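Asker: Next comes model.cif, mmCIF, C-alpha atoms:
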```
data_coords
loop_
_atom_site.label_atom_id
_atom_site.label_comp_id
_atom_site.auth_asym_id
_atom_site.auth_seq_id
_atom_site.Cartn_x
_atom_site.Cartn_y
_atom_site.Cartn_z
CA MET A 1 2.17 -77.77 112.17
CA ASP A 2 1.01 -74.62 113.94
CA ASN A 3 -2.66 -75.45 113.64
CA PRO A 4 -5.21 -75.66 116.46
CA LEU A 5 -6.86 -78.59 114.68
CA ASP A 6 -3.81 -80.78 115.26
CA SER A 7 -4.39 -81.56 118.95
CA SER A 8 -8.12 -82.24 118.56
CA MET A 9 -7.52 -84.40 115.49
CA ALA A 10 -4.83 -86.37 117.33
CA GLU A 11 -7.27 -87.04 120.18
CA GLU A 12 -9.95 -88.24 117.75
CA ILE A 13 -7.52 -90.60 116.07
CA LYS A 14 -6.23 -91.88 119.40
CA GLU A 15 -9.78 -92.52 120.59
CA ALA A 16 -10.62 -94.44 117.41
CA LEU A 17 -7.54 -96.62 117.87
CA GLU A 18 -8.33 -97.26 121.52
CA ASN A 19 -11.84 -98.34 120.47
CA ASN A 20 -10.22 -100.70 117.97
CA ASP A 21 -11.84 -98.78 115.09
CA GLN A 22 -8.85 -98.84 112.75
CA ALA A 23 -10.87 -98.00 109.66
CA LEU A 24 -12.17 -94.77 111.23
CA ALA A 25 -8.69 -93.84 112.48
CA ALA A 26 -7.06 -94.42 109.09
CA SER A 27 -9.83 -92.52 107.31
CA ARG A 28 -9.48 -89.47 109.55
CA ILE A 29 -5.71 -89.48 109.30
CA GLN A 30 -5.78 -89.68 105.52
CA LYS A 31 -8.36 -86.92 105.29
CA TYR A 32 -6.38 -84.68 107.60
CA LEU A 33 -3.04 -85.20 105.85
CA GLU A 34 -4.55 -84.68 102.41
CA LYS A 35 -6.12 -81.43 103.58
CA VAL A 36 -2.96 -80.13 105.23
CA ASN A 37 -0.73 -81.02 102.28
CA ASN A 38 -3.00 -79.30 99.76
CA ILE A 39 -3.75 -75.99 101.45
CA PRO A 40 -3.51 -73.36 98.67
CA LEU A 41 -1.28 -70.30 98.99
CA ASN A 42 -1.56 -67.56 96.36
CA ILE A 43 0.99 -64.75 96.36
CA ALA A 44 0.58 -61.69 94.12
CA ILE A 45 3.68 -59.84 92.89
CA THR A 46 3.20 -56.42 91.31
CA GLY A 47 5.13 -53.24 90.58
CA GLU A 48 6.06 -50.95 87.69
CA SER A 49 7.92 -51.96 84.55
CA GLY A 50 11.46 -53.20 85.09
CA SER A 51 11.16 -53.26 88.88
CA GLY A 52 12.28 -56.87 89.17
CA LYS A 53 8.91 -58.57 89.65
CA SER A 54 9.68 -61.57 87.47
CA SER A 55 13.14 -62.07 88.99
CA PHE A 56 11.51 -62.13 92.43
CA VAL A 57 8.95 -64.69 91.22
CA ASN A 58 11.78 -66.90 89.97
CA ALA A 59 13.96 -66.47 93.05
CA PHE A 60 11.12 -67.32 95.41
CA ARG A 61 10.54 -70.54 93.47
CA GLY A 62 14.27 -71.34 93.52
CA ILE A 63 14.46 -71.07 89.73
CA ASP A 64 17.21 -69.34 87.74
CA ASN A 65 16.07 -66.63 85.30
CA ARG A 66 17.50 -68.74 82.47
CA ASP A 67 15.39 -71.78 83.34
CA GLU A 68 12.76 -72.68 80.75
CA ARG A 69 10.10 -72.57 83.50
CA ALA A 70 11.16 -69.10 84.64
CA ALA A 71 9.01 -66.01 84.41
CA PRO A 72 10.45 -63.93 81.53
CA THR A 73 12.60 -61.03 82.66
CA GLY A 74 13.79 -57.90 80.90
CA CYS A 75 14.31 -54.17 81.10
CA VAL A 76 10.92 -53.50 79.54
CA GLU A 77 7.54 -54.66 80.79
CA THR A 78 7.32 -58.36 80.00
CA THR A 79 4.15 -59.01 82.01
CA MET A 80 1.03 -57.76 80.25
CA GLU A 81 -1.46 -60.26 81.66
CA VAL A 82 -1.85 -62.04 84.98
CA LYS A 83 0.42 -65.10 84.85
CA ASP A 84 0.55 -67.91 87.39
CA TYR A 85 3.74 -69.79 88.26
CA HIS A 86 3.49 -72.87 90.44
CA HIS A 87 6.21 -73.81 92.88
CA PRO A 88 8.23 -76.71 91.37
CA ASN A 89 7.86 -78.90 94.49
CA TYR A 90 4.60 -77.55 95.92
CA PRO A 91 1.94 -77.12 93.22
CA ASN A 92 -0.50 -75.81 95.84
CA VAL A 93 1.73 -72.70 96.13
CA THR A 94 1.26 -70.25 93.26
CA ILE A 95 3.17 -67.03 92.63
CA TRP A 96 1.21 -64.64 90.43
CA ASP A 97 3.15 -62.20 88.26
CA LEU A 98 0.80 -59.24 87.76
CA PRO A 99 1.15 -56.51 85.14
CA GLY A 100 2.37 -53.25 86.63
CA ILE A 101 -0.54 -50.97 87.42
CA GLY A 102 1.13 -48.31 85.28
CA THR A 103 0.82 -50.55 82.21
CA THR A 104 -2.98 -50.77 82.47
CA ASN A 105 -5.69 -48.21 81.96
CA PHE A 106 -7.44 -49.18 85.17
CA PRO A 107 -7.52 -47.12 88.40
CA ALA A 108 -6.34 -49.00 91.48
CA ASP A 109 -9.73 -50.38 92.52
CA LYS A 110 -10.62 -51.63 89.03
CA TYR A 111 -7.09 -52.97 88.58
CA LEU A 112 -7.54 -55.20 91.63
CA ARG A 113 -10.83 -56.51 90.28
CA HIS A 114 -9.19 -57.04 86.89
CA VAL A 115 -6.46 -59.25 88.38
CA GLY A 116 -8.89 -61.11 90.66
CA PHE A 117 -7.68 -59.84 94.04
CA GLU A 118 -9.98 -62.17 96.03
CA LYS A 119 -7.82 -65.23 95.39
CA PHE A 120 -4.58 -63.72 96.69
CA ASP A 121 -3.44 -64.27 100.26
CA PHE A 122 -1.20 -61.20 100.16
CA PHE A 123 0.47 -58.76 97.76
CA VAL A 124 4.14 -57.88 97.33
CA ILE A 125 4.62 -54.43 95.77
CA ILE A 126 8.09 -54.12 94.23
CA SER A 127 10.11 -51.09 93.18
CA ASP A 128 13.75 -50.81 92.20
CA THR A 129 13.97 -47.07 92.97
CA ARG A 130 11.28 -45.26 94.94
CA PHE A 131 7.65 -46.14 95.40
CA ARG A 132 5.49 -44.01 93.18
CA GLU A 133 1.95 -42.72 93.22
CA ASN A 134 0.55 -45.83 91.51
CA ASP A 135 2.21 -48.09 94.09
CA VAL A 136 0.68 -46.10 96.94
CA LYS A 137 -2.79 -45.98 95.39
CA LEU A 138 -2.66 -49.72 94.92
CA ALA A 139 -1.48 -50.32 98.51
CA LEU A 140 -4.25 -48.17 99.97
CA GLU A 141 -6.85 -49.91 97.83
CA ILE A 142 -5.53 -53.35 98.89
CA ARG A 143 -5.82 -52.29 102.53
CA LYS A 144 -9.35 -51.02 101.94
CA MET A 145 -10.29 -54.43 100.56
CA GLY A 146 -8.99 -56.19 103.65
CA LYS A 147 -5.81 -57.73 102.22
CA LYS A 148 -2.17 -57.53 103.34
CA PHE A 149 0.58 -55.91 101.28
CA TYR A 150 4.35 -55.63 101.66
CA PHE A 151 6.71 -53.13 100.06
CA VAL A 152 9.90 -54.63 98.62
CA ARG A 153 12.75 -52.44 97.41
CA SER A 154 14.53 -54.63 94.86
CA LYS A 155 17.94 -54.69 93.14
CA ILE A 156 19.75 -53.62 96.29
CA ASP A 157 22.91 -55.31 94.98
CA ASN A 158 23.02 -52.75 92.13
CA ASP A 159 22.71 -49.84 94.56
CA LEU A 160 25.46 -51.15 96.80
CA GLN A 161 27.81 -51.68 93.86
CA ALA A 162 27.16 -48.19 92.53
CA GLU A 163 27.65 -46.61 95.94
CA LYS A 164 30.85 -48.56 96.53
CA ARG A 165 32.31 -47.34 93.24
CA SER A 166 31.39 -43.71 93.85
CA ARG A 167 32.18 -43.21 97.55
CA ARG A 168 35.56 -43.47 99.22
CA ASP A 169 33.93 -43.76 102.66
CA PHE A 170 31.44 -46.44 101.57
CA ASN A 171 29.68 -48.28 104.38
CA GLU A 172 27.15 -50.96 103.47
CA GLU A 173 25.01 -50.68 106.59
CA THR A 174 24.81 -46.90 106.31
CA THR A 175 23.83 -47.13 102.64
CA LEU A 176 21.10 -49.70 103.36
CA ALA A 177 19.73 -47.58 106.21
CA GLN A 178 19.60 -44.52 103.95
CA ILE A 179 17.77 -46.41 101.19
CA ARG A 180 15.26 -47.81 103.67
CA GLU A 181 14.64 -44.43 105.30
CA ASN A 182 14.21 -42.69 101.92
CA CYS A 183 11.60 -45.26 100.90
CA ILE A 184 9.75 -44.97 104.22
CA GLN A 185 9.70 -41.17 104.11
CA GLY A 186 8.48 -41.19 100.52
CA LEU A 187 5.61 -43.53 101.38
CA GLN A 188 4.66 -41.53 104.47
CA LYS A 189 4.48 -38.32 102.42
CA GLN A 190 2.04 -40.08 100.11
CA GLY A 191 -0.26 -41.14 102.93
CA VAL A 192 0.95 -44.61 103.95
CA GLU A 193 0.99 -44.95 107.73
CA SER A 194 3.92 -46.78 109.38
CA PRO A 195 5.18 -48.40 106.18
CA GLN A 196 7.60 -51.31 106.43
CA VAL A 197 10.02 -51.67 103.53
CA PHE A 198 12.08 -54.80 102.85
CA LEU A 199 15.37 -54.43 100.97
CA LEU A 200 16.50 -57.41 98.92
CA SER A 201 18.34 -58.75 95.92
CA SER A 202 16.64 -61.56 94.01
CA PHE A 203 20.10 -62.93 93.20
CA ASP A 204 21.08 -63.19 96.89
CA LEU A 205 17.95 -63.88 98.91
CA HIS A 206 19.97 -64.93 101.96
CA LEU A 207 21.25 -61.36 102.28
CA HIS A 208 19.50 -58.22 103.49
CA ASP A 209 15.79 -58.31 104.44
CA PHE A 210 14.36 -61.44 102.84
CA PRO A 211 14.59 -63.43 106.11
CA LEU A 212 12.80 -60.54 107.85
CA LEU A 213 10.12 -60.58 105.15
CA HIS A 214 9.56 -64.26 105.77
CA GLU A 215 9.32 -63.70 109.54
CA THR A 216 6.75 -60.96 108.98
CA LEU A 217 4.67 -63.10 106.63
CA GLU A 218 4.90 -65.99 109.09
CA LYS A 219 3.42 -63.83 111.84
CA GLU A 220 0.65 -62.32 109.73
CA LEU A 221 -0.55 -65.31 107.71
CA PRO A 222 -3.40 -67.45 109.11
CA ALA A 223 -2.02 -70.29 111.24
CA HIS A 224 -2.94 -73.03 108.78
CA LYS A 225 -0.98 -71.35 105.95
CA ARG A 226 2.26 -70.56 107.78
CA ASP A 227 3.89 -73.93 107.20
CA VAL A 228 2.70 -73.93 103.58
CA LEU A 229 4.78 -70.79 103.06
CA LEU A 230 7.67 -72.15 105.12
CA LEU A 231 8.04 -75.41 103.18
CA ALA A 232 7.90 -73.58 99.84
CA MET A 233 10.61 -71.13 100.89
CA PRO A 234 14.09 -71.53 99.42
CA ASN A 235 16.71 -72.42 102.04
CA ILE A 236 17.92 -68.88 102.64
CA SER A 237 19.23 -69.51 106.15
CA LEU A 238 20.00 -72.24 108.66
CA GLU A 239 17.03 -70.96 110.65
CA ILE A 240 14.66 -71.72 107.75
CA ILE A 241 16.03 -75.26 107.56
CA LYS A 242 15.52 -75.64 111.31
CA LYS A 243 11.92 -74.43 111.05
CA LYS A 244 11.24 -76.81 108.18
CA ARG A 245 12.55 -79.69 110.26
CA GLU A 246 10.19 -78.83 113.11
CA ALA A 247 7.23 -78.41 110.73
CA PHE A 248 7.88 -81.87 109.29
CA ARG A 249 8.36 -83.28 112.78
CA GLY A 250 4.92 -82.01 113.73
CA GLN A 251 3.31 -84.44 111.27
CA ILE A 252 5.18 -87.56 112.35
CA THR A 253 2.56 -88.43 114.96
CA PHE A 254 -0.13 -88.63 112.28
CA TYR A 255 1.95 -90.86 110.02
CA SER A 256 2.73 -93.05 113.03
CA PHE A 257 -1.00 -93.39 113.79
CA LEU A 258 -1.56 -94.35 110.16
CA SER A 259 1.07 -97.06 110.53
CA ALA A 260 -0.55 -98.30 113.73
CA ALA A 261 -3.93 -98.53 112.02
CA GLY A 262 -2.48 -100.95 109.46
CA ALA A 263 -0.63 -103.03 112.04
CA VAL A 264 -3.75 -104.86 113.24
CA VAL A 265 -4.08 -106.87 110.01
CA PRO A 266 -3.03 -110.40 111.05
CA VAL A 267 -0.95 -111.10 107.95
CA PRO A 268 2.79 -111.70 108.41
CA GLY A 269 4.88 -108.98 106.79
CA PHE A 270 1.87 -106.79 105.95
CA SER A 271 2.68 -104.03 108.44
CA VAL A 272 6.36 -103.95 107.46
CA ALA A 273 5.46 -103.56 103.78
CA LEU A 274 2.86 -100.91 104.63
CA ASP A 275 5.30 -98.97 106.82
CA ALA A 276 8.01 -99.05 104.17
CA GLY A 277 5.61 -97.75 101.52
CA LEU A 278 4.37 -95.03 103.86
CA MET A 279 7.90 -93.97 104.73
CA VAL A 280 8.86 -93.73 101.05
CA THR A 281 6.10 -91.14 100.56
CA VAL A 282 7.01 -89.17 103.69
CA VAL A 283 10.78 -89.22 103.16
CA LYS A 284 10.32 -87.94 99.60
CA LYS A 285 8.45 -84.98 101.11
CA TYR A 286 11.39 -84.35 103.43
CA ARG A 287 13.91 -84.58 100.59
CA ASP A 288 11.95 -82.22 98.34
CA GLY A 289 11.14 -79.80 101.16
CA PHE A 290 14.82 -79.45 102.01
CA GLY A 291 15.71 -78.98 98.33
CA LEU A 292 17.79 -82.16 98.14
CA ASP A 293 16.14 -83.65 95.06
CA ASN A 294 18.23 -83.62 91.89
CA GLU A 295 16.31 -80.79 90.23
CA SER A 296 16.55 -78.53 93.27
CA LEU A 297 20.27 -79.20 93.65
CA GLN A 298 20.80 -78.42 89.97
CA ARG A 299 18.85 -75.16 90.32
CA LEU A 300 20.96 -74.26 93.36
CA SER A 301 24.12 -75.02 91.41
CA ASP A 302 22.96 -72.85 88.51
CA SER A 303 22.08 -69.91 90.74
CA THR A 304 25.19 -70.01 92.97
CA GLY A 305 27.80 -71.16 90.49
CA VAL A 306 28.87 -73.98 92.82
CA PRO A 307 29.32 -77.18 90.76
CA LEU A 308 26.61 -79.79 91.32
CA LYS A 309 29.20 -82.44 92.19
CA ASP A 310 30.54 -80.21 94.98
CA LEU A 311 27.09 -79.78 96.47
CA MET A 312 26.44 -83.53 96.29
CA ALA A 313 29.82 -84.30 97.83
CA VAL A 314 28.74 -82.94 101.24
CA ILE A 315 25.56 -85.06 101.34
CA LYS A 316 25.93 -88.07 103.63
CA SER A 317 22.52 -89.73 103.70
CA PRO A 318 21.67 -92.26 100.95
CA LEU A 319 18.12 -90.92 101.20
CA ALA A 320 19.23 -87.84 99.28
CA LEU A 321 21.59 -89.55 96.85
CA GLN A 322 19.66 -92.70 95.90
CA ASN A 323 16.20 -93.45 94.60
CA ILE A 324 13.92 -93.65 97.64
CA SER A 325 12.28 -97.07 97.47
CA PRO A 326 10.78 -99.56 99.95
CA GLY A 327 13.96 -101.62 99.60
CA LEU A 328 16.18 -98.69 100.58
CA ILE A 329 13.94 -97.84 103.53
CA LEU A 330 14.00 -101.43 104.80
CA ARG A 331 17.79 -101.62 104.47
CA MET A 332 18.17 -98.47 106.52
CA LEU A 333 15.67 -99.68 109.13
CA THR A 334 17.61 -102.90 109.67
CA GLN A 335 20.78 -100.89 110.33
CA CYS A 336 19.23 -99.59 113.55
CA ALA A 337 19.21 -102.27 116.26
CA ALA A 338 16.42 -100.64 118.28
CA ILE A 339 14.11 -100.42 115.27
CA THR A 340 14.91 -103.99 114.21
CA ALA A 341 13.98 -105.25 117.68
CA LEU A 342 10.67 -103.38 117.59
CA MET A 343 9.85 -104.72 114.12
CA THR A 344 10.60 -108.29 115.20
CA ALA A 345 8.42 -107.95 118.29
CA GLU A 346 5.62 -106.44 116.23
CA GLU A 347 5.57 -109.39 113.85
CA GLY A 348 5.52 -111.80 116.77
CA PHE A 349 2.59 -110.15 118.58
CA ARG A 350 0.60 -109.84 115.36
CA LEU A 351 -0.29 -113.57 115.46
CA ILE A 352 -1.71 -113.42 119.00
CA PRO A 353 -5.53 -112.99 118.86
CA ILE A 354 -7.07 -109.69 120.07
CA LEU A 355 -4.36 -108.57 122.53
CA GLY A 356 -1.65 -109.11 119.93
CA ALA A 357 -3.31 -106.66 117.55
CA VAL A 358 -3.30 -103.92 120.18
CA VAL A 359 0.34 -104.47 121.12
CA SER A 360 1.33 -104.78 117.46
CA ALA A 361 -0.31 -101.43 116.67
CA GLY A 362 1.63 -99.75 119.46
CA LEU A 363 4.91 -101.20 118.28
CA SER A 364 4.21 -100.19 114.70
CA PHE A 365 3.57 -96.64 115.92
CA LEU A 366 6.94 -96.61 117.68
CA VAL A 367 8.80 -98.03 114.66
CA THR A 368 7.41 -95.40 112.32
CA GLN A 369 7.86 -92.57 114.80
CA LYS A 370 11.48 -93.44 115.55
CA ALA A 371 12.40 -94.12 111.92
CA LEU A 372 10.86 -90.91 110.56
CA ASN A 373 12.61 -88.84 113.22
CA ILE A 374 15.95 -90.42 112.29
CA PHE A 375 15.39 -89.94 108.56
CA LEU A 376 14.22 -86.36 109.07
CA ASP A 377 17.33 -85.46 111.07
CA MET A 378 19.59 -87.06 108.45
CA LEU A 379 18.10 -84.98 105.63
CA ALA A 380 17.97 -81.76 107.68
CA GLU A 381 21.67 -82.10 108.42
CA ASP A 382 22.37 -82.71 104.74
CA ALA A 383 20.38 -79.57 103.90
CA GLN A 384 22.51 -77.58 106.34
CA ARG A 385 25.72 -78.86 104.75
CA VAL A 386 24.49 -78.10 101.23
CA PHE A 387 23.44 -74.59 102.28
CA LYS A 388 26.86 -73.91 103.81
CA LYS A 389 28.65 -75.32 100.76
CA ALA A 390 26.61 -73.10 98.45
CA LEU A 391 27.73 -70.07 100.47
CA GLY A 392 31.34 -71.20 100.86
CA LEU A 393 31.02 -71.83 104.61
CA ASP A 394 32.33 -74.62 106.86
CA THR A 395 30.13 -77.63 106.05
CA SER A 396 30.50 -79.41 109.40
CA VAL A 397 27.08 -79.59 111.10
#
```
Here is a file; write its structure as structure tokens.
Answerer:
Amino acid sequence: MDNPLDSSMAEEIKEALENNDQALAASRIQKYLEKVNNIPLNIAITGESGSGKSSFVNAFRGIDNRDERAAPTGCVETTMEVKDYHHPNYPNVTIWDLPGIGTTNFPADKYLRHVGFEKFDFFVIISDTRFRENDVKLALEIRKMGKKFYFVRSKIDNDLQAEKRSRRDFNEETTLAQIRENCIQGLQKQGVESPQVFLLSSFDLHLHDFPLLHETLEKELPAHKRDVLLLAMPNISLEIIKKKREAFRGQITFYSFLSAAGAVVPVPGFSVALDAGLMVTVVKKYRDGFGLDNESLQRLSDSTGVPLKDLMAVIKSPLALQNISPGLILRMLTQCAAITALMTAEEGFRLIPILGAVVSAGLSFLVTQKALNIFLDMLAEDAQRVFKKALGLDTSV
């Protein structure tokens, strides 16, 4: 992960292992991983009635508007109180659907206190037409309070359809540029300096400016929260899948150290069982992060209209199609000759006093590191194929 603590933590763990202090190493690794995997991210979504706030909340979470867990949508204001919606795979990520400022009797500053602005990492201000006085007052107040905000012009698909029906010389890029420029000029006239407006459709996040919005958030969030956002993002592009793969890869060293710490126990088969259990936990994170669990695939099928069986047909790894268990992990490990050789050597060295424990720990590190890299690449490639299938593209990776 992009976190300056990573290198120093790795050195501390390495030093503990070199000093044969496995308990200290394991403790620090566990503490670090628990902290990293539970960093909270709170995103506030606001805008006037009918602007598409709730649809955006649902789309960001990868949930269809018809899902029972979805934020309620409608043409009239359906959000009267602050409502939190947790990400289905990352409960530490919360999207907050706020009532439109126009539906309250509070001025902008009191509105922010009313909704509890301190807990939010950033605000997304949504409009489906032009940004109005209330939107601007809220943005300026958010800036005054030291928080980030982003203007999102929603329902772009409706505008494009209307323009296409009414103009013989319709050009999509020209229309999008005009909408963006109109929004920017309107905000500038109301006192917002250098506004950036993102055009999107909650029904087609892979189109228009949603990837640009993510890139902007990625740059402006604190380093320790960037990967939290990344892993919670729906797979809107092959680039997002690539970034997720690298974020997961950044943690493999820590899981490998954890494996090495358990390898010094001089009990035959202990390290293998420990490694398999550890890998089950990690591989499940990969599967869920890439949206390859059954619920995520079903949600993707519902939102794209591509049958679930067609999405599953392009998946090649049993890690995505079968229940991830220690038995499955061990079967897959034994299919790789290099890993099998390392595991055999590890078990042999384990029984040699003192020196054997050191060598065994190193071998266990290598087994876990190599296996997790292989499993990660398998699932990332499956995620690419599923993404392409959902969009009707060539599914060869």
Asker: Can you turn the PyMOL selection byres ((chain A and resi 333) around 10) into a concrete residue list for this file, as a VMD selection string?
Answerer: chain A and resid 276 327 to 332 334 to 340 343 367 to 368 370 to 371 374 to 375
Asker: Kindly export the residues of the current selection with C-alpha atoms, as a tab-separated table (two decimals), in the coordinates of the input.
Answerer:
```tsv
chain	number	residue	atom	x	y	z
A	276	ALA	CA	8.01	-99.05	104.17
A	327	GLY	CA	13.96	-101.62	99.60
A	328	LEU	CA	16.18	-98.69	100.58
A	329	ILE	CA	13.94	-97.84	103.53
A	330	LEU	CA	14.00	-101.43	104.80
A	331	ARG	CA	17.79	-101.62	104.47
A	332	MET	CA	18.17	-98.47	106.52
A	334	THR	CA	17.61	-102.90	109.67
A	335	GLN	CA	20.78	-100.89	110.33
A	336	CYS	CA	19.23	-99.59	113.55
A	337	ALA	CA	19.21	-102.27	116.26
A	338	ALA	CA	16.42	-100.64	118.28
A	339	ILE	CA	14.11	-100.42	115.27
A	340	THR	CA	14.91	-103.99	114.21
A	343	MET	CA	9.85	-104.72	114.12
A	367	VAL	CA	8.80	-98.03	114.66
A	368	THR	CA	7.41	-95.40	112.32
A	370	LYS	CA	11.48	-93.44	115.55
A	371	ALA	CA	12.40	-94.12	111.92
A	374	ILE	CA	15.95	-90.42	112.29
A	375	PHE	CA	15.39	-89.94	108.56
```
Asker: Would you mind listing what lies within 8 Å of A:Arg245 as a list in words, with only C-alpha atoms counted and same-chain residues fewer than 3 positions away left out?
Answerer: Ile241, Lys242, Phe248, Arg249, Leu376, Asp377 and Ala380 of chain A
Asker: Taking the point (14.5, -65.2, 89.7) as given in the file, collect each protein or nucleic acid residue that comes within 10 Å of it, counting only C-alpha atoms, and present the set as a PyMOL selection string.
Answerer: chain A and resi 52-67+70-73+201-205+303
Asker: Within 8 Å of (1.5, -61.7, 88.2), only C-alpha atoms: residues as a PyMOL selection string?
Answerer: chain A and resi 44-46+79+81-84+95-99
Asker: Hey, what comes out of the PyMOL selection byres ((chain A and resi 281-292) around 6) on this file? Could you write it as a ChimeraX atom specification?
Answerer: /A:231,278-280,293,296-297,320,383
